[in-house]
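Student: What follows is input-v7.txt, made up of compact mmCIF, C-alpha atoms:
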# COMPACT_ATOMS: atom_id res chain seq x y z
CA MET A 1 -2.82 -18.38 5.68
CA ILE A 2 -5.91 -18.52 7.90
CA GLY A 3 -7.35 -21.31 10.03
CA PHE A 4 -11.14 -21.13 10.37
CA ILE A 5 -13.58 -22.80 12.74
CA GLY A 6 -16.78 -21.41 11.33
CA SER A 7 -15.52 -20.31 7.92
CA VAL A 8 -16.97 -16.81 7.81
CA PHE A 9 -16.60 -16.39 4.03
CA SER A 10 -17.83 -19.85 3.10
CA PRO A 11 -21.17 -19.85 1.24
CA TRP A 12 -21.78 -23.35 2.64
CA TYR A 13 -21.56 -22.02 6.19
CA LYS A 14 -23.97 -19.22 5.32
CA TRP A 15 -26.42 -21.60 3.62
CA SER A 16 -26.28 -23.92 6.68
CA GLY A 17 -27.61 -21.13 8.88
CA ARG A 18 -24.30 -20.97 10.76
CA ARG A 19 -25.68 -23.38 13.35
CA ASP A 20 -22.54 -25.54 13.68
CA PRO A 21 -19.19 -23.73 13.23
CA ALA A 22 -17.18 -26.93 13.72
CA ASN A 23 -18.92 -28.43 10.67
CA HIS A 24 -17.46 -25.68 8.48
CA CYS A 25 -13.73 -25.52 9.15
CA CYS A 26 -10.94 -24.65 6.78
CA ILE A 27 -7.24 -23.96 6.27
CA ASN A 28 -7.06 -21.13 3.75
CA VAL A 29 -3.76 -20.55 1.92
CA ALA A 30 -2.96 -17.86 -0.64
CA THR A 31 0.34 -17.48 -2.46
CA TYR A 32 1.19 -14.50 -4.64
CA GLY A 33 3.11 -13.73 -7.78
CA PRO A 34 3.64 -16.01 -10.82
CA GLY A 35 1.78 -19.29 -10.40
CA ALA A 36 -0.22 -17.99 -7.43
CA ARG A 37 -2.48 -20.50 -5.67
CA PHE A 38 -5.62 -20.18 -3.51
CA THR A 39 -6.98 -22.94 -1.27
CA MET A 40 -10.17 -22.71 0.81
CA THR A 41 -11.81 -26.11 1.21
CA ASP A 42 -14.84 -26.10 3.51
CA ARG A 43 -14.57 -29.29 5.57
CA GLY A 44 -16.97 -31.03 7.92
CA ARG A 45 -16.81 -31.77 11.62
CA ALA A 46 -15.05 -35.12 11.01
CA ALA A 47 -11.99 -33.24 9.74
CA LEU A 48 -11.55 -31.08 12.86
CA ARG A 49 -9.33 -31.86 15.82
CA THR A 50 -8.24 -29.37 18.47
CA THR A 51 -6.05 -29.44 21.56
CA ASP A 52 -4.69 -26.67 23.78
CA ASP A 53 -1.77 -26.13 21.41
CA ALA A 54 -2.89 -27.53 18.04
CA LEU A 55 -5.50 -27.14 15.31
CA THR A 56 -5.93 -29.86 12.70
CA VAL A 57 -8.29 -29.55 9.73
CA GLY A 58 -8.13 -32.63 7.51
CA PRO A 59 -4.67 -33.00 5.99
CA SER A 60 -3.29 -29.70 7.36
CA SER A 61 -2.44 -28.58 10.86
CA MET A 62 -0.80 -25.93 13.00
CA HIS A 63 0.66 -26.38 16.46
CA TRP A 64 2.85 -24.58 18.99
CA GLN A 65 6.22 -26.22 19.58
CA ASP A 66 9.00 -24.65 21.67
CA GLY A 67 7.59 -21.15 21.24
CA LYS A 68 7.12 -21.49 17.48
CA LEU A 69 3.97 -21.98 15.42
CA GLU A 70 4.65 -24.97 13.17
CA ILE A 71 2.25 -25.25 10.20
CA SER A 72 1.96 -28.30 7.95
CA LEU A 73 -0.01 -27.86 4.72
CA ASP A 74 -1.43 -30.37 2.26
CA GLU A 75 -4.21 -28.67 0.30
CA ILE A 76 -5.57 -28.51 -3.24
CA SER A 77 -5.90 -25.08 -4.82
CA GLY A 78 -9.00 -23.93 -6.65
CA PRO A 79 -9.41 -22.40 -10.13
CA PRO A 80 -7.78 -21.09 -12.22
CA ILE A 81 -4.78 -23.29 -11.25
CA ILE A 82 -5.77 -26.58 -9.62
CA SER A 83 -2.78 -28.21 -7.96
CA ARG A 84 -1.41 -29.39 -4.64
CA VAL A 85 -0.11 -26.86 -2.11
CA ARG A 86 2.08 -28.78 0.31
CA GLY A 87 4.90 -27.97 2.70
CA THR A 88 5.70 -26.30 6.00
CA ILE A 89 5.66 -22.81 7.49
CA THR A 90 7.33 -21.86 10.78
CA LEU A 91 6.41 -18.62 12.52
CA THR A 92 8.58 -17.44 15.42
CA PRO A 93 7.12 -14.55 17.43
CA GLN A 94 9.55 -11.95 18.71
CA ALA A 95 7.03 -11.61 21.55
CA VAL A 96 3.40 -12.50 22.30
CA THR A 97 1.17 -9.60 23.33
CA GLY A 98 -1.64 -9.51 25.87
CA VAL A 99 -3.85 -7.30 23.69
CA GLU A 100 -7.47 -8.32 23.17
CA LEU A 101 -9.62 -5.62 21.59
CA PRO A 102 -13.44 -5.64 21.25
CA LEU A 103 -14.57 -4.34 17.85
CA THR A 104 -18.17 -3.79 19.02
CA THR A 105 -19.50 -2.39 22.28
CA ASP A 106 -21.05 -5.71 23.30
CA GLY A 107 -17.88 -7.70 22.61
CA ALA A 108 -19.48 -9.83 19.89
CA HIS A 109 -16.35 -9.39 17.74
CA ILE A 110 -12.83 -9.55 19.17
CA TRP A 111 -9.42 -8.88 17.59
CA ARG A 112 -6.46 -10.64 19.21
CA PRO A 113 -3.04 -9.64 17.79
CA PHE A 114 -0.92 -12.45 19.25
CA ALA A 115 2.38 -11.72 17.50
CA PRO A 116 2.42 -8.45 15.53
CA ILE A 117 6.16 -8.88 14.95
CA ALA A 118 7.54 -12.29 14.00
CA ASP A 119 10.00 -14.14 11.79
CA ILE A 120 8.74 -16.64 9.25
CA THR A 121 10.24 -19.52 7.26
CA VAL A 122 8.30 -20.85 4.26
CA ASP A 123 9.16 -24.17 2.62
CA LEU A 124 6.50 -25.21 0.11
CA GLU A 125 6.97 -27.89 -2.52
CA ALA A 126 7.24 -25.69 -5.59
CA ASP A 127 10.08 -23.81 -7.26
CA GLY A 128 10.66 -20.43 -5.67
CA TRP A 129 8.31 -21.01 -2.73
CA GLN A 130 11.08 -21.19 -0.13
CA TRP A 131 12.03 -18.04 1.77
CA ASP A 132 12.62 -16.42 5.15
CA GLY A 133 11.12 -13.11 6.07
CA HIS A 134 8.94 -10.93 8.27
CA GLY A 135 5.76 -12.45 9.70
CA TYR A 136 2.62 -11.63 11.64
CA PHE A 137 0.04 -13.65 13.57
CA ASP A 138 -3.38 -12.55 14.84
CA ALA A 139 -6.89 -13.92 15.34
CA ASN A 140 -10.49 -12.77 15.22
CA PHE A 141 -13.35 -14.26 17.23
CA GLY A 142 -17.06 -13.58 16.92
CA THR A 143 -20.51 -14.73 18.00
CA ARG A 144 -22.37 -13.08 15.09
CA ALA A 145 -21.80 -12.94 11.35
CA LEU A 146 -19.53 -10.07 10.29
CA GLU A 147 -22.12 -8.81 7.80
CA ALA A 148 -24.73 -8.67 10.58
CA ASP A 149 -22.81 -5.89 12.35
CA PHE A 150 -20.49 -4.23 9.82
CA ASP A 151 -20.93 -2.47 6.48
CA PHE A 152 -17.26 -1.84 5.73
CA TRP A 153 -13.85 -2.01 7.33
CA THR A 154 -10.20 -1.55 6.57
CA TRP A 155 -7.23 -2.93 8.45
CA GLY A 156 -3.54 -2.28 8.01
CA ARG A 157 -0.30 -3.39 9.60
CA TYR A 158 2.83 -1.39 8.89
CA PRO A 159 6.35 -2.32 10.11
CA THR A 160 8.14 0.70 11.57
CA ALA A 161 11.62 1.46 12.85
CA THR A 162 10.52 0.63 16.41
CA GLY A 163 8.12 -2.26 15.74
CA ALA A 164 4.79 -2.21 13.93
CA THR A 165 1.60 -0.14 13.91
CA CYS A 166 -1.88 -1.56 13.22
CA PHE A 167 -5.00 0.37 12.22
CA TYR A 168 -8.64 -0.75 12.34
CA ASP A 169 -11.30 1.53 10.82
CA ALA A 170 -14.88 0.25 10.52
CA THR A 171 -18.39 1.43 9.70
CA LEU A 172 -21.09 -0.48 11.57
CA ARG A 173 -24.59 -1.14 10.29
CA ASP A 174 -26.12 1.15 12.93
CA GLY A 175 -24.20 4.06 11.38
CA SER A 176 -21.57 4.31 14.09
CA GLY A 177 -17.86 4.02 13.48
CA PHE A 178 -14.92 2.27 15.11
CA GLU A 179 -11.29 3.25 14.80
CA THR A 180 -8.12 2.34 16.62
CA ALA A 181 -4.38 2.67 16.14
CA ILE A 182 -1.99 0.53 18.20
CA ALA A 183 1.81 0.65 18.11
CA PHE A 184 3.63 -2.56 19.09
CA ASP A 185 7.26 -2.85 20.11
CA ARG A 186 9.53 -5.88 19.72
CA ASP A 187 9.11 -6.88 23.38
CA GLY A 188 5.33 -7.27 23.05
CA GLY A 189 4.46 -3.88 24.48
CA ALA A 190 1.44 -2.11 22.98
CA ALA A 191 0.06 1.42 23.21
CA HIS A 192 -2.82 3.30 21.62
CA VAL A 193 -1.41 6.11 19.47
CA ALA A 194 -2.79 9.07 17.56
CA ALA A 195 -3.41 8.12 13.94
CA PRO A 196 -2.73 10.26 10.87
CA PRO A 197 -5.82 11.07 8.76
CA LEU A 198 -7.80 8.29 7.08
CA THR A 199 -6.93 8.78 3.41
CA PRO A 200 -8.58 7.20 0.34
CA PHE A 201 -6.52 5.71 -2.46
CA LYS A 202 -7.18 3.88 -5.73
CA ARG A 203 -9.96 1.30 -5.68
CA SER A 204 -9.20 -2.39 -6.26
CA LEU A 205 -9.71 -4.19 -9.58
CA TRP A 206 -13.21 -5.11 -8.38
CA GLN A 207 -13.74 -1.46 -7.41
CA VAL A 208 -13.72 -2.10 -3.67
CA LYS A 209 -13.23 1.18 -1.84
CA ARG A 210 -9.86 1.48 -0.10
CA GLU A 211 -8.49 3.85 2.50
CA THR A 212 -5.75 3.81 5.11
CA ARG A 213 -3.82 6.15 7.35
CA ALA A 214 -1.34 8.65 5.89
CA ASP A 215 0.31 11.92 6.83
CA PRO A 216 -1.43 15.06 5.47
CA GLY A 217 -0.65 15.58 1.79
CA VAL A 218 0.31 11.91 1.23
CA THR A 219 -1.74 9.57 -0.97
CA PRO A 220 -1.15 5.86 -0.18
CA LYS A 221 -0.23 3.67 -3.14
CA GLN A 222 -0.61 -0.04 -3.83
CA ARG A 223 2.69 -1.80 -4.29
CA LEU A 224 1.42 -5.36 -4.84
CA ASN A 225 -2.06 -6.73 -5.48
CA MET A 226 -2.29 -9.85 -3.33
CA LEU A 227 -5.94 -10.93 -3.37
CA ASP A 228 -8.85 -9.32 -5.20
CA ALA A 229 -12.50 -10.34 -4.85
CA PRO A 230 -15.85 -8.58 -5.43
CA PHE A 231 -16.08 -7.76 -1.71
CA TYR A 232 -12.45 -7.94 -0.52
CA SER A 233 -9.01 -6.55 -1.31
CA ARG A 234 -5.65 -7.53 0.16
CA SER A 235 -2.52 -5.71 -0.97
CA THR A 236 0.79 -4.29 0.13
CA VAL A 237 0.59 -0.52 0.38
CA ASP A 238 3.12 2.30 0.64
CA THR A 239 2.24 5.17 2.95
CA VAL A 240 3.86 7.68 5.32
CA LEU A 241 3.16 7.62 9.06
CA ASN A 242 4.47 10.46 11.22
CA GLY A 243 7.16 11.22 8.68
CA GLU A 244 8.28 7.60 8.24
CA ALA A 245 7.82 5.92 4.84
CA VAL A 246 6.45 2.41 5.44
CA THR A 247 5.13 -0.55 3.44
CA GLY A 248 2.56 -2.84 4.99
CA VAL A 249 -0.31 -5.25 4.35
CA HIS A 250 -3.73 -3.65 3.89
CA GLU A 251 -7.20 -5.18 3.76
CA ALA A 252 -10.53 -3.68 2.73
CA LEU A 253 -13.75 -5.61 3.33
CA ASP A 254 -17.07 -4.47 1.85
CA LEU A 255 -19.71 -6.36 3.81
CA THR A 256 -22.57 -4.54 2.10
CA ARG A 257 -21.49 -6.32 -1.07
CA TYR A 258 -20.91 -9.59 0.78
CA ARG A 259 -24.54 -9.58 1.96
CA GLN A 260 -25.78 -9.83 -1.64
CA PRO A 261 -27.23 -13.35 -2.20
CA LEU A 262 -25.96 -13.61 -5.79
CA LEU A 263 -22.38 -13.46 -4.52
CA LYS A 264 -22.60 -16.79 -2.71
CA PRO A 265 -22.81 -19.06 -5.82
CA MET A 266 -19.77 -17.24 -7.21
CA LEU A 267 -17.86 -18.00 -4.01
CA ALA A 268 -18.86 -21.66 -4.15
CA CYS A 269 -16.71 -22.00 -7.28
CA ARG A 270 -13.64 -21.03 -5.22
CA VAL A 271 -14.67 -22.70 -1.95
CA PRO A 272 -15.46 -26.41 -2.49
CA ARG A 273 -17.32 -28.36 0.20
CA ARG A 274 -15.78 -31.63 1.41
CA ALA A 275 -17.91 -32.86 4.31
CA GLY A 276 -16.30 -36.28 4.84
CA TRP A 277 -12.88 -37.06 6.27
CA THR A 278 -11.10 -40.04 7.80
CA PHE A 279 -7.93 -39.71 9.88
Show me, as C-alpha cells, the structure contained in the file I just sent.

Tutor:
Amino acid sequence: MIGFIGSVFSPWYKWSGRRDPANHCCINVATYGPGARFTMTDRGRAALRTTDDALTVGPSSMHWQDGKLEISLDEISGPPIISRVRGTITLTPQAVTGVELPLTTDGAHIWRPFAPIADITVDLEADGWQWDGHGYFDANFGTRALEADFDFWTWGRYPTATGATCFYDATLRDGSGFETAIAFDRDGGAAHVAAPPLTPFKRSLWQVKRETRADPGVTPKQRLNMLDAPFYSRSTVDTVLNGEAVTGVHEALDLTRYRQPLLKPMLACRVPRRAGWTF
C-alpha cells in the first residue's frame, strides 16, 4: 500500500505537467494471490487532507495513533477484477529510525526508511484477507520526476536474524551509478555495510531486467510474483547474504521504458482519474 501526493506513476499527473502534486493524490493498494486486487485512483485536490499525523485521500486515510500507523481503506479496484477493497491495516513499528538518504548528489530524491522492521495486522472485508505478519514502512520524496534522473533501479529488503538489510542500486541518466546497503536492527539502529555482489536473475513476465545482492556462486530466485508491469516488477525473492538464506521483497524499475509515451495510455486503463470529491 502506498500513499501518494503527486502520484509519480499516474499518466494524468504526467499529462498535467506535474505542476500541482496535490491535485494528483492516491492511495494505492495491491493484494496478491487468488482474487488479487489493484487500486490506484488518481484523485483531485478536493480529496486531499493532511495534518501533522494524518493523510486522507478521499474515502481512505492513514494516521498515527499511540505509536501505530492506522490505515482505513475504501477503494475500488481496477481491471481485471473490479470490486471494493475495504478494511483496516495496523502497522506497529518495532522502532523508528533517523535515517534519511539522498539518492542523488543534489538531494532531489530522498529515501526515508521510517520503520524497516514492524508488525502488521490486516483486516480486509474479503475471505482470507485477514492476517498478522511482518511489516515495513518507508517513504520517498522528490522534487523532480523519477524518469528525469534515473534509467533503472532495484531495491530490496531482506529480513535477517538480527533485523533487516536494505539495498538500493541505481543507474542515473548521466551514466553514473548509486548503490547502498544498510543493515537495521530491532532498536532502530542503522549502519552501512559491505554488500555481496550485484547478481542478475530471471527477468519478469514483462521482461524487466532484475538483479539483487547475493553471495558469490548464488543465483537469486523469485518465490512469488507480486506485481508485474511493462516497466516495473515487485516480487518476493530468495537469496543468500553473508551465508544467511533470506527471503525478501524486491523491486525493479525500468524508467527508460516508463519514459515511452505509448505506455501512458496503457496505464490510464489501470489508473482512473476522479477529480471531484466531497467530504

Student: Find the residues around range 74-76 of chain A up to 8 Å (only C-alpha atoms counted), leave out those fewer than 6 positions away in its own chain, and share them as number ranges by chain.

Tutor: A: 39, 59-60, 82-87

Student: Quick one: residues within 6 Å of range 147-154 of chain A, all atoms listed in the file, excluding same-chain residues fewer than 2 positions away - as a PyMOL selection string?

Tutor: chain A and resi 145+169-173+251-256

Student: For Val122 in chain A, please output as a PyMOL selection string all residues within 10 Å (counting only C-alpha atoms; exclusion window: fewer than 5 positions along the same chain).

Tutor: chain A and resi 71+87-91+129-133

Student: Using only C-alpha atoms, pick whichever of A:Ala183, A:Gly217, A:Gln222, A:Ala229 has the shortest atom-to-atom distance to Phe201 in chain A.

Tutor: A:Gln222

Student: So that I can see what lies close to Ser61 in chain A, please list as an mmCIF file with C-alpha atoms, in the coordinates of the input the residues with an atom at most 6 Å from it, counting all atoms listed in the file and leaving out residues fewer than 2 positions away in the same chain.

Tutor:
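Wrote around_39.cif, looks like this:
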data_model
loop_
_atom_site.group_PDB
_atom_site.id
_atom_site.type_symbol
_atom_site.label_atom_id
_atom_site.label_comp_id
_atom_site.auth_asym_id
_atom_site.auth_seq_id
_atom_site.Cartn_x
_atom_site.Cartn_y
_atom_site.Cartn_z
ATOM 1 C CA LEU A 55 -5.500 -27.140 15.310
ATOM 2 C CA THR A 56 -5.930 -29.860 12.700
ATOM 3 C CA ILE A 71 2.250 -25.250 10.200
ATOM 4 C CA SER A 72 1.960 -28.300 7.950
#

Student: Quick one: pull the distance between CA of Phe279 in chain A and CA of Gly3 in chain A, Å, one decimal.

Tutor: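 Between CA of Phe279 in chain A and CA of Gly3 in chain A the gap is 18.4 Å.
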
Student: Can you pull out the residues contacting Phe141 in chain A? Cut-off 7 Å, using only C-alpha atoms, and skip same-chain residues under 5 positions away; I want them as a list in words.

Tutor: His109, Ile110 and Trp111 of chain A

Student: So how far away is CA of Leu101 in chain A from CA of Pro116 in chain A, in Å?

Tutor: 13.8 Å

Student: Could you please determine the separation between CA of Asp127 in chain A and CA of Leu227 in chain A in Å, to one decimal place?

Tutor: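 Calculated distance between CA of Asp127 in chain A and CA of Leu227 in chain A is 20.9 Å.
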
Student: Taking into account all atoms listed in the file, which residue in the set A:Ala245, A:Met40, A:Ile182, A:Ala22 is nearest to Leu267 in chain A?

Tutor: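 The answer is A:Met40, which sits nearest to Leu267 in chain A.
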
Student: Point out the residue among A:Val29, A:Val249, A:Met62, A:Ala47 with the least atom-to-atom distance to His134 in chain A, counting only C-alpha atoms.

Tutor: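 Using only C-alpha atoms, the shortest distance to His134 in chain A belongs to A:Val249.
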
Student: Given the choices A:Thr41, A:Thr31, A:Thr165, A:Thr104, which gets closest to Ala126 in chain A if the distance is worked out from only C-alpha atoms?

Tutor: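 For Ala126 in chain A, the nearest of the candidates is A:Thr31.
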
Student: Taking all atoms listed in the file into account, which of A:Ser204, A:Pro196, A:Pro93, A:Thr105 comes nearest Phe178 in chain A?

Tutor: A:Thr105

Student: Tell me which of A:Thr219, A:Ala115, A:Glu244, A:Asn140 sits closest to Thr162 in chain A, counting only C-alpha atoms.

Tutor: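 Residue with the minimum atom-to-atom distance to Thr162 in chain A: A:Glu244.
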
Student: Give the centre and edge lengths of an axis-aligned box, in Å to one decimal, that holds all listed atoms of range 232-246 of chain A with 8 Å on each side, as JSON.

Tutor:
{"center_x": -2.1, "center_y": 1.6, "center_z": 5.0, "size_x": 36.7, "size_y": 35.2, "size_z": 28.5}

Student: For a cut-off of 7 Å around (-1.4, -1.4, 13.5), file coordinates, pick out all residues using all atoms listed in the file and list them as a ChimeraX atom specification.

Tutor: /A:156-158,164-167,181-183

Student: Could you please give me, as a ChimeraX atom specification, the residues of protein, DNA or RNA lying at most 6 Å from (7.2, -3.8, 15.3) in the coordinate frame of the file, considering all atoms listed in the file?

Tutor: /A:117,159-160,162-164,184-186
